[in-house]
Structure formats: C-alpha cells, structure tokens
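Peer 1: As input, take upload_36.pdb (PDB, C-alpha atoms, pLDDT in the B column):
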ATOM      1  CA  MET A 626     222.310 148.043 145.353  1.00 88.00           C
ATOM      2  CA  GLU A 627     224.786 147.647 142.490  1.00 93.00           C
ATOM      3  CA  GLN A 628     227.553 145.090 142.964  1.00 96.00           C
ATOM      4  CA  VAL A 629     231.172 146.155 142.383  1.00 96.00           C
ATOM      5  CA  LEU A 630     234.113 143.762 142.128  1.00 96.00           C
ATOM      6  CA  LEU A 631     237.388 145.451 143.103  1.00 96.00           C
ATOM      7  CA  VAL A 632     240.503 143.491 142.081  1.00 94.00           C
ATOM      8  CA  ASP A 633     243.865 144.877 143.235  1.00 93.00           C
ATOM      9  CA  ASP A 634     246.893 143.458 145.028  1.00 90.00           C
ATOM     10  CA  GLU A 635     247.651 146.760 146.811  1.00 89.00           C
ATOM     11  CA  ILE A 636     245.824 146.131 150.092  1.00 91.00           C
ATOM     12  CA  VAL A 637     245.780 149.777 151.239  1.00 90.00           C
ATOM     13  CA  LEU A 638     244.242 150.944 147.955  1.00 89.00           C
ATOM     14  CA  LEU A 639     241.842 148.000 147.960  1.00 91.00           C
ATOM     15  CA  GLN A 640     240.539 148.806 151.437  1.00 92.00           C
ATOM     16  CA  ALA A 641     240.384 152.592 150.956  1.00 92.00           C
ATOM     17  CA  LEU A 642     238.641 152.466 147.577  1.00 94.00           C
ATOM     18  CA  GLY A 643     236.346 149.704 148.822  1.00 94.00           C
ATOM     19  CA  ARG A 644     235.242 151.846 151.783  1.00 95.00           C
ATOM     20  CA  ARG A 645     234.739 154.890 149.560  1.00 95.00           C
ATOM     21  CA  LEU A 646     232.591 152.915 147.096  1.00 96.00           C
ATOM     22  CA  GLU A 647     230.495 151.520 149.961  1.00 96.00           C
ATOM     23  CA  GLN A 648     229.977 155.048 151.300  1.00 95.00           C
ATOM     24  CA  ALA A 649     228.767 156.002 147.821  1.00 95.00           C
ATOM     25  CA  GLY A 650     226.093 153.290 147.978  1.00 95.00           C
ATOM     26  CA  PHE A 651     227.700 150.353 146.174  1.00 96.00           C
ATOM     27  CA  SER A 652     228.042 146.806 147.474  1.00 96.00           C
ATOM     28  CA  VAL A 653     231.742 145.961 147.122  1.00 96.00           C
ATOM     29  CA  THR A 654     233.595 142.649 146.924  1.00 96.00           C
ATOM     30  CA  CYS A 655     237.366 143.054 147.295  1.00 95.00           C
ATOM     31  CA  VAL A 656     239.827 140.525 145.879  1.00 94.00           C
ATOM     32  CA  ALA A 657     243.567 140.716 146.599  1.00 92.00           C
ATOM     33  CA  ASN A 658     244.937 137.626 144.818  1.00 90.00           C
ATOM     34  CA  ILE A 659     244.282 135.381 141.844  1.00 89.00           C
ATOM     35  CA  THR A 660     243.057 132.463 144.006  1.00 90.00           C
ATOM     36  CA  GLU A 661     240.277 134.608 145.487  1.00 91.00           C
ATOM     37  CA  PHE A 662     239.448 135.858 141.992  1.00 91.00           C
ATOM     38  CA  GLU A 663     239.082 132.331 140.572  1.00 90.00           C
ATOM     39  CA  GLU A 664     236.782 131.293 143.463  1.00 92.00           C
ATOM     40  CA  LEU A 665     234.351 134.197 142.972  1.00 91.00           C
ATOM     41  CA  SER A 666     230.688 133.600 142.324  1.00 87.00           C
ATOM     42  CA  GLY A 667     227.756 135.933 141.999  1.00 87.00           C
ATOM     43  CA  ARG A 668     226.885 138.805 139.710  1.00 91.00           C
ATOM     44  CA  PHE A 669     228.820 142.060 139.362  1.00 95.00           C
ATOM     45  CA  GLU A 670     227.515 145.111 137.474  1.00 95.00           C
ATOM     46  CA  HIS A 671     230.899 146.834 137.699  1.00 96.00           C
ATOM     47  CA  VAL A 672     234.481 145.554 137.827  1.00 97.00           C
ATOM     48  CA  ILE A 673     237.554 147.602 138.755  1.00 96.00           C
ATOM     49  CA  LEU A 674     240.727 145.720 137.839  1.00 95.00           C
ATOM     50  CA  ASP A 675     244.412 146.454 138.444  1.00 93.00           C
ATOM     51  CA  LEU A 676     246.462 146.092 135.249  1.00 90.00           C
ATOM     52  CA  LYS A 677     249.358 144.451 137.101  1.00 86.00           C
ATOM     53  CA  PHE A 678     247.646 142.089 139.527  1.00 81.00           C
ATOM     54  CA  GLY A 679     250.387 140.208 141.366  1.00 78.00           C
ATOM     55  CA  ASP A 680     252.105 138.035 138.780  1.00 81.00           C
ATOM     56  CA  CYS A 681     249.046 138.251 136.557  1.00 84.00           C
ATOM     57  CA  ASN A 682     248.520 140.636 133.655  1.00 87.00           C
ATOM     58  CA  GLY A 683     245.098 142.252 134.055  1.00 89.00           C
ATOM     59  CA  LEU A 684     244.717 142.426 130.261  1.00 90.00           C
ATOM     60  CA  GLU A 685     244.512 138.637 130.235  1.00 90.00           C
ATOM     61  CA  LEU A 686     241.587 138.695 132.704  1.00 93.00           C
ATOM     62  CA  ILE A 687     239.400 141.130 130.740  1.00 94.00           C
ATOM     63  CA  SER A 688     237.824 138.574 128.391  1.00 93.00           C
ATOM     64  CA  GLU A 689     237.173 136.149 131.281  1.00 92.00           C
ATOM     65  CA  ILE A 690     235.519 138.937 133.284  1.00 94.00           C
ATOM     66  CA  ASN A 691     233.339 139.957 130.335  1.00 94.00           C
ATOM     67  CA  GLN A 692     232.305 136.335 129.732  1.00 93.00           C
ATOM     68  CA  ARG A 693     231.547 135.575 133.397  1.00 92.00           C
ATOM     69  CA  TRP A 694     229.746 138.752 134.453  1.00 94.00           C
ATOM     70  CA  HIS A 695     229.054 141.011 131.440  1.00 94.00           C
ATOM     71  CA  PRO A 696     229.687 144.122 133.574  1.00 95.00           C
ATOM     72  CA  LYS A 697     228.326 147.539 132.589  1.00 94.00           C
ATOM     73  CA  ASN A 698     231.716 148.988 133.475  1.00 94.00           C
ATOM     74  CA  LEU A 699     235.112 147.313 133.438  1.00 96.00           C
ATOM     75  CA  ILE A 700     237.603 149.886 134.676  1.00 96.00           C
ATOM     76  CA  ILE A 701     241.352 149.306 134.473  1.00 95.00           C
ATOM     77  CA  LEU A 702     243.578 150.989 137.087  1.00 93.00           C
ATOM     78  CA  THR A 703     247.334 151.039 136.657  1.00 89.00           C
ATOM     79  CA  GLY A 704     250.463 152.570 138.054  1.00 84.00           C
ATOM     80  CA  TYR A 705     252.150 151.776 134.717  1.00 82.00           C
ATOM     81  CA  ALA A 706     250.018 153.789 132.319  1.00 85.00           C
ATOM     82  CA  SER A 707     250.904 153.945 128.649  1.00 86.00           C
ATOM     83  CA  LEU A 708     249.095 154.478 125.386  1.00 85.00           C
ATOM     84  CA  ALA A 709     249.913 150.932 124.313  1.00 86.00           C
ATOM     85  CA  THR A 710     248.324 149.314 127.371  1.00 89.00           C
ATOM     86  CA  SER A 711     245.337 151.670 127.322  1.00 91.00           C
ATOM     87  CA  VAL A 712     244.587 150.807 123.691  1.00 90.00           C
ATOM     88  CA  ALA A 713     245.076 147.097 124.400  1.00 92.00           C
ATOM     89  CA  ALA A 714     242.733 147.296 127.417  1.00 93.00           C
ATOM     90  CA  ILE A 715     239.969 149.059 125.489  1.00 93.00           C
ATOM     91  CA  LYS A 716     240.329 146.649 122.547  1.00 93.00           C
ATOM     92  CA  ALA A 717     240.086 143.715 124.978  1.00 93.00           C
ATOM     93  CA  GLY A 718     236.795 145.048 126.369  1.00 94.00           C
ATOM     94  CA  ALA A 719     237.565 147.519 129.161  1.00 95.00           C
ATOM     95  CA  THR A 720     235.238 150.522 129.285  1.00 94.00           C
ATOM     96  CA  ASN A 721     237.657 152.894 131.043  1.00 93.00           C
ATOM     97  CA  TYR A 722     241.355 153.130 131.860  1.00 94.00           C
ATOM     98  CA  PHE A 723     242.824 155.289 134.640  1.00 93.00           C
ATOM     99  CA  ALA A 724     246.396 155.874 135.806  1.00 89.00           C
ATOM    100  CA  LYS A 725     246.981 155.634 139.552  1.00 85.00           C
ATOM    101  CA  PRO A 726     246.572 157.666 141.602  1.00 83.00           C
ATOM    102  CA  VAL A 727     243.018 158.446 140.574  1.00 87.00           C
ATOM    103  CA  ALA A 728     240.471 160.242 142.722  1.00 88.00           C
ATOM    104  CA  SER A 729     237.738 157.953 144.001  1.00 90.00           C
ATOM    105  CA  ARG A 730     235.224 160.624 142.898  1.00 92.00           C
ATOM    106  CA  VAL A 731     236.275 160.042 139.261  1.00 91.00           C
ATOM    107  CA  ILE A 732     235.666 156.292 139.607  1.00 94.00           C
ATOM    108  CA  ILE A 733     232.313 156.799 141.334  1.00 93.00           C
ATOM    109  CA  ASP A 734     231.190 159.250 138.640  1.00 91.00           C
ATOM    110  CA  CYS A 735     232.265 156.744 136.011  1.00 91.00           C
ATOM    111  CA  LEU A 736     230.271 153.939 137.675  1.00 92.00           C
ATOM    112  CA  ARG A 737     227.163 156.108 137.901  1.00 90.00           C
ATOM    113  CA  ALA A 738     227.361 157.429 134.332  1.00 83.00           C
ATOM    114  CA  ASP A 739     225.551 155.648 131.519  1.00 57.00           C
ATOM    115  CA  THR A 740     228.512 156.134 129.180  1.00 49.00           C
ATOM    116  CA  SER A 741     232.252 156.551 129.487  1.00 47.00           C
ATOM    117  CA  LEU A 742     233.692 159.857 130.601  1.00 46.00           C
ATOM    118  CA  GLU A 743     234.331 162.444 127.913  1.00 55.00           C
ATOM    119  CA  LEU A 744     237.821 162.248 126.507  1.00 55.00           C
ATOM    120  CA  PRO A 745     240.064 165.285 126.873  1.00 56.00           C
ATOM    121  CA  ASP A 746     240.949 167.386 123.844  1.00 57.00           C
ATOM    122  CA  PRO A 747     244.235 165.917 122.515  1.00 56.00           C
ATOM    123  CA  ALA A 748     245.455 169.358 121.433  1.00 56.00           C
ATOM    124  CA  ALA A 749     245.097 170.631 125.013  1.00 57.00           C
ATOM    125  CA  THR A 750     247.271 167.864 126.506  1.00 60.00           C
ATOM    126  CA  ARG A 751     250.728 167.731 124.937  1.00 67.00           C
ATOM    127  CA  LEU A 752     253.164 165.079 126.005  1.00 67.00           C
ATOM    128  CA  SER A 753     256.634 165.995 127.206  1.00 76.00           C
ATOM    129  CA  PRO A 754     259.686 164.398 125.541  1.00 81.00           C
ATOM    130  CA  ALA A 755     260.028 162.070 128.549  1.00 81.00           C
ATOM    131  CA  GLN A 756     256.388 160.998 128.198  1.00 78.00           C
ATOM    132  CA  LEU A 757     256.823 160.418 124.452  1.00 78.00           C
ATOM    133  CA  GLU A 758     259.892 158.275 125.127  1.00 85.00           C
ATOM    134  CA  TRP A 759     257.939 156.282 127.745  1.00 81.00           C
ATOM    135  CA  GLU A 760     255.082 155.747 125.282  1.00 80.00           C
ATOM    136  CA  LEU A 761     257.465 154.514 122.573  1.00 85.00           C
ATOM    137  CA  ILE A 762     259.147 152.138 125.023  1.00 87.00           C
ATOM    138  CA  GLN A 763     255.793 150.740 126.210  1.00 83.00           C
ATOM    139  CA  GLN A 764     254.495 150.329 122.658  1.00 83.00           C
ATOM    140  CA  THR A 765     257.684 148.562 121.554  1.00 88.00           C
ATOM    141  CA  LEU A 766     257.632 146.316 124.640  1.00 85.00           C
ATOM    142  CA  GLN A 767     254.071 145.305 123.880  1.00 83.00           C
ATOM    143  CA  GLN A 768     254.941 144.599 120.243  1.00 86.00           C
ATOM    144  CA  GLN A 769     257.825 142.415 121.452  1.00 88.00           C
ATOM    145  CA  HIS A 770     255.509 140.594 123.912  1.00 85.00           C
ATOM    146  CA  GLY A 771     257.421 141.885 126.947  1.00 84.00           C
ATOM    147  CA  ASN A 772     260.821 140.673 125.716  1.00 91.00           C
ATOM    148  CA  ILE A 773     263.226 143.356 126.945  1.00 91.00           C
ATOM    149  CA  SER A 774     266.153 142.216 124.787  1.00 94.00           C
ATOM    150  CA  ALA A 775     264.049 142.255 121.609  1.00 94.00           C
ATOM    151  CA  ALA A 776     262.535 145.635 122.547  1.00 92.00           C
ATOM    152  CA  ALA A 777     266.003 147.094 123.169  1.00 94.00           C
ATOM    153  CA  ARG A 778     267.151 145.898 119.729  1.00 95.00           C
ATOM    154  CA  ALA A 779     264.037 147.373 118.104  1.00 93.00           C
ATOM    155  CA  LEU A 780     264.632 150.689 119.896  1.00 92.00           C
ATOM    156  CA  GLY A 781     268.340 150.716 119.044  1.00 94.00           C
ATOM    157  CA  MET A 782     269.509 150.854 122.663  1.00 94.00           C
ATOM    158  CA  HIS A 783     271.444 148.623 125.011  1.00 95.00           C
ATOM    159  CA  ARG A 784     269.357 146.164 127.036  1.00 93.00           C
ATOM    160  CA  ARG A 785     270.670 147.523 130.358  1.00 93.00           C
ATOM    161  CA  THR A 786     269.749 151.072 129.342  1.00 92.00           C
ATOM    162  CA  LEU A 787     266.198 149.930 128.631  1.00 90.00           C
ATOM    163  CA  GLN A 788     266.053 148.069 131.949  1.00 89.00           C
ATOM    164  CA  ARG A 789     267.153 151.219 133.813  1.00 89.00           C
ATOM    165  CA  LYS A 790     264.488 153.293 132.046  1.00 88.00           C
ATOM    166  CA  LEU A 791     261.818 150.706 132.906  1.00 85.00           C
ATOM    167  CA  ALA A 792     262.927 150.646 136.546  1.00 83.00           C
ATOM    168  CA  LYS A 793     262.177 154.351 136.875  1.00 80.00           C
ATOM    169  CA  HIS A 794     258.627 155.486 137.544  1.00 60.00           C
ATOM    170  CA  SER A 795     256.412 156.322 134.613  1.00 52.00           C
ATOM    171  CA  PRO A 796     256.587 160.038 133.665  1.00 52.00           C
ATOM    172  CA  LEU A 797     252.800 159.953 133.144  1.00 49.00           C
ATOM    173  CA  LYS A 798     252.075 160.082 136.880  1.00 45.00           C
TER     174      LYS A 798
END
For this file, produce the structure as structure tokens.
Peer 2:
Amino acid sequence: MEQVLLVDDEIVLLQALGRRLEQAGFSVTCVANITEFEELSGRFEHVILDLKFGDCNGLELISEINQRWHPKNLIILTGYASLATSVAAIKAGATNYFAKPVASRVIIDCLRADTSLELPDPAATRLSPAQLEWELIQQTLQQQHGNISAAARALGMHRRTLQRKLAKHSPLK
C-alpha cells in the first residue's frame, strides 16, 4: 500500500481528503501543524502539501520534503493560486499544483499516474482582466518578497488599494 503524507491546516479538508484517499487504497498520514510535520518519520511515496500552511510558506518546505522522502509526487494545493506561485512551486520541485477546491478524483488520478496530468491548451483557456490583474499582483508580490509597500510602488498603486485587492478572494477560483 502506497504511503501518502497529507499536510494541510484546514482540518475539514484534511479529514475529508484523507478519508477519500484511504477509500482509494492509499495509506494516509495527516498533519495539521508544523510541529507534527517536523516530528514525522517513515517513508512517503506521495506528499500533498498546502501552499499556505499555518504561518509557514509551503514553498519553503518543498526542498526539505524532497530531501527527506524523495516522493514520486509532491502535489501543492492552494486557495491562493497564481502563475507566480505555481511556477515557483514547480521550480522548487513540486510535481503538480492545484487550486482549491479540487476534486479528490483529480488528486487520486494524479497519484496513480506515472507522469503529471496533461496540461490544458493555453489558447483554450483565456484569462479575464480580473485574473490578469491578480496574476500581475501575485508576480510583483513574489518579486518584492511579499513586501506589500514595495509591490504597491512597483505596480504604481497606493498601498491600501493593493491591500484591499489582496483581501478579496482570488478570481481564479
């Protein structure tokens, strides 16, 4: 039975996805905080990691996960999806990146596949102006290392305006 490590601070999602993966034939270890994560031992063939894990940035855990367990799949889940974070996650060593909510069937298919899922045709999925704005904001924020004031200056907008835009939900959902 393949071992799956599920790391997410949303308890309801953690329990529901954990049950669904177990029903699909995987052995699942669920971790809800960084202390539990640091105390883990054992071998995991697959890791599913939340991008924003409590106060921790999931991107920072990717290299540690790859060094400790060398998983076949390292899947990033996030409620804050952006092109900037998806590129950063893949560059850091993630094999897949999904925006929440994602169907458990998609994750299970990904874990069972030998390779990553096929990417959609970019011409078939056009971004709306709101999505393009969100992408630019996320990319600029990442370039400014999360500094909202510096990102606002780079974007040519007031800091409070940027904070209000960030407080809204991502248009990618």
Peer 1: Care to translate the PyMOL selection byres ((chain A and resi 695-712) around 6) into actual residues of this file, as number ranges by chain?
Peer 2: A: 670-676, 691-692, 694, 713-715, 719-725, 760, 764
Peer 1: Spell out the residues picked by the PyMOL selection byres ((chain A and resi 635-644) around 7) here, as a PyMOL selection string.
Peer 2: chain A and resi 633-634+645-648+653+655+657+729
Peer 1: Please, could you write that set of residues out with C-alpha atoms as an mmCIF file, keeping the file's coordinate frame?
Peer 2:
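Saved file out-v5.cif follows:
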data_model
loop_
_atom_site.group_PDB
_atom_site.id
_atom_site.type_symbol
_atom_site.label_atom_id
_atom_site.label_comp_id
_atom_site.auth_asym_id
_atom_site.auth_seq_id
_atom_site.Cartn_x
_atom_site.Cartn_y
_atom_site.Cartn_z
ATOM 1 C CA ASP A 633 243.865 144.877 143.235
ATOM 2 C CA ASP A 634 246.893 143.458 145.028
ATOM 3 C CA ARG A 645 234.739 154.890 149.560
ATOM 4 C CA LEU A 646 232.591 152.915 147.096
ATOM 5 C CA GLU A 647 230.495 151.520 149.961
ATOM 6 C CA GLN A 648 229.977 155.048 151.300
ATOM 7 C CA VAL A 653 231.742 145.961 147.122
ATOM 8 C CA CYS A 655 237.366 143.054 147.295
ATOM 9 C CA ALA A 657 243.567 140.716 146.599
ATOM 10 C CA SER A 729 237.738 157.953 144.001
#
Peer 1: Please report the interatomic distance between CA of Ser652 (chain A) and CA of Val727 (chain A) in Å with one decimal.
Peer 2: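 CA of Val727 (chain A) lies 20.2 Å from CA of Ser652 (chain A).
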Peer 1: Quick one: pull the distance between CA of Ala649 (chain A) and CA of Met626 (chain A), Å, one decimal.
Peer 2: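 Calculated distance between CA of Ala649 (chain A) and CA of Met626 (chain A) is 10.5 Å.
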Peer 1: For the atom pair CA of Ile659 (chain A) and CA of Val629 (chain A), what is the interatomic distance in Å to one decimal place?
Peer 2: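 Separation of CA of Ile659 (chain A) and CA of Val629 (chain A): 17.0 Å.
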Peer 1: From the options A:Leu757, A:Leu684, A:Ala792, A:Val656, which residue's atoms come nearest to Lys716 (chain A), counting only C-alpha atoms?
Peer 2: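 Checking each of A:Leu757, A:Leu684, A:Ala792, A:Val656 against Lys716 (chain A), counting only C-alpha atoms, the winner is A:Leu684.
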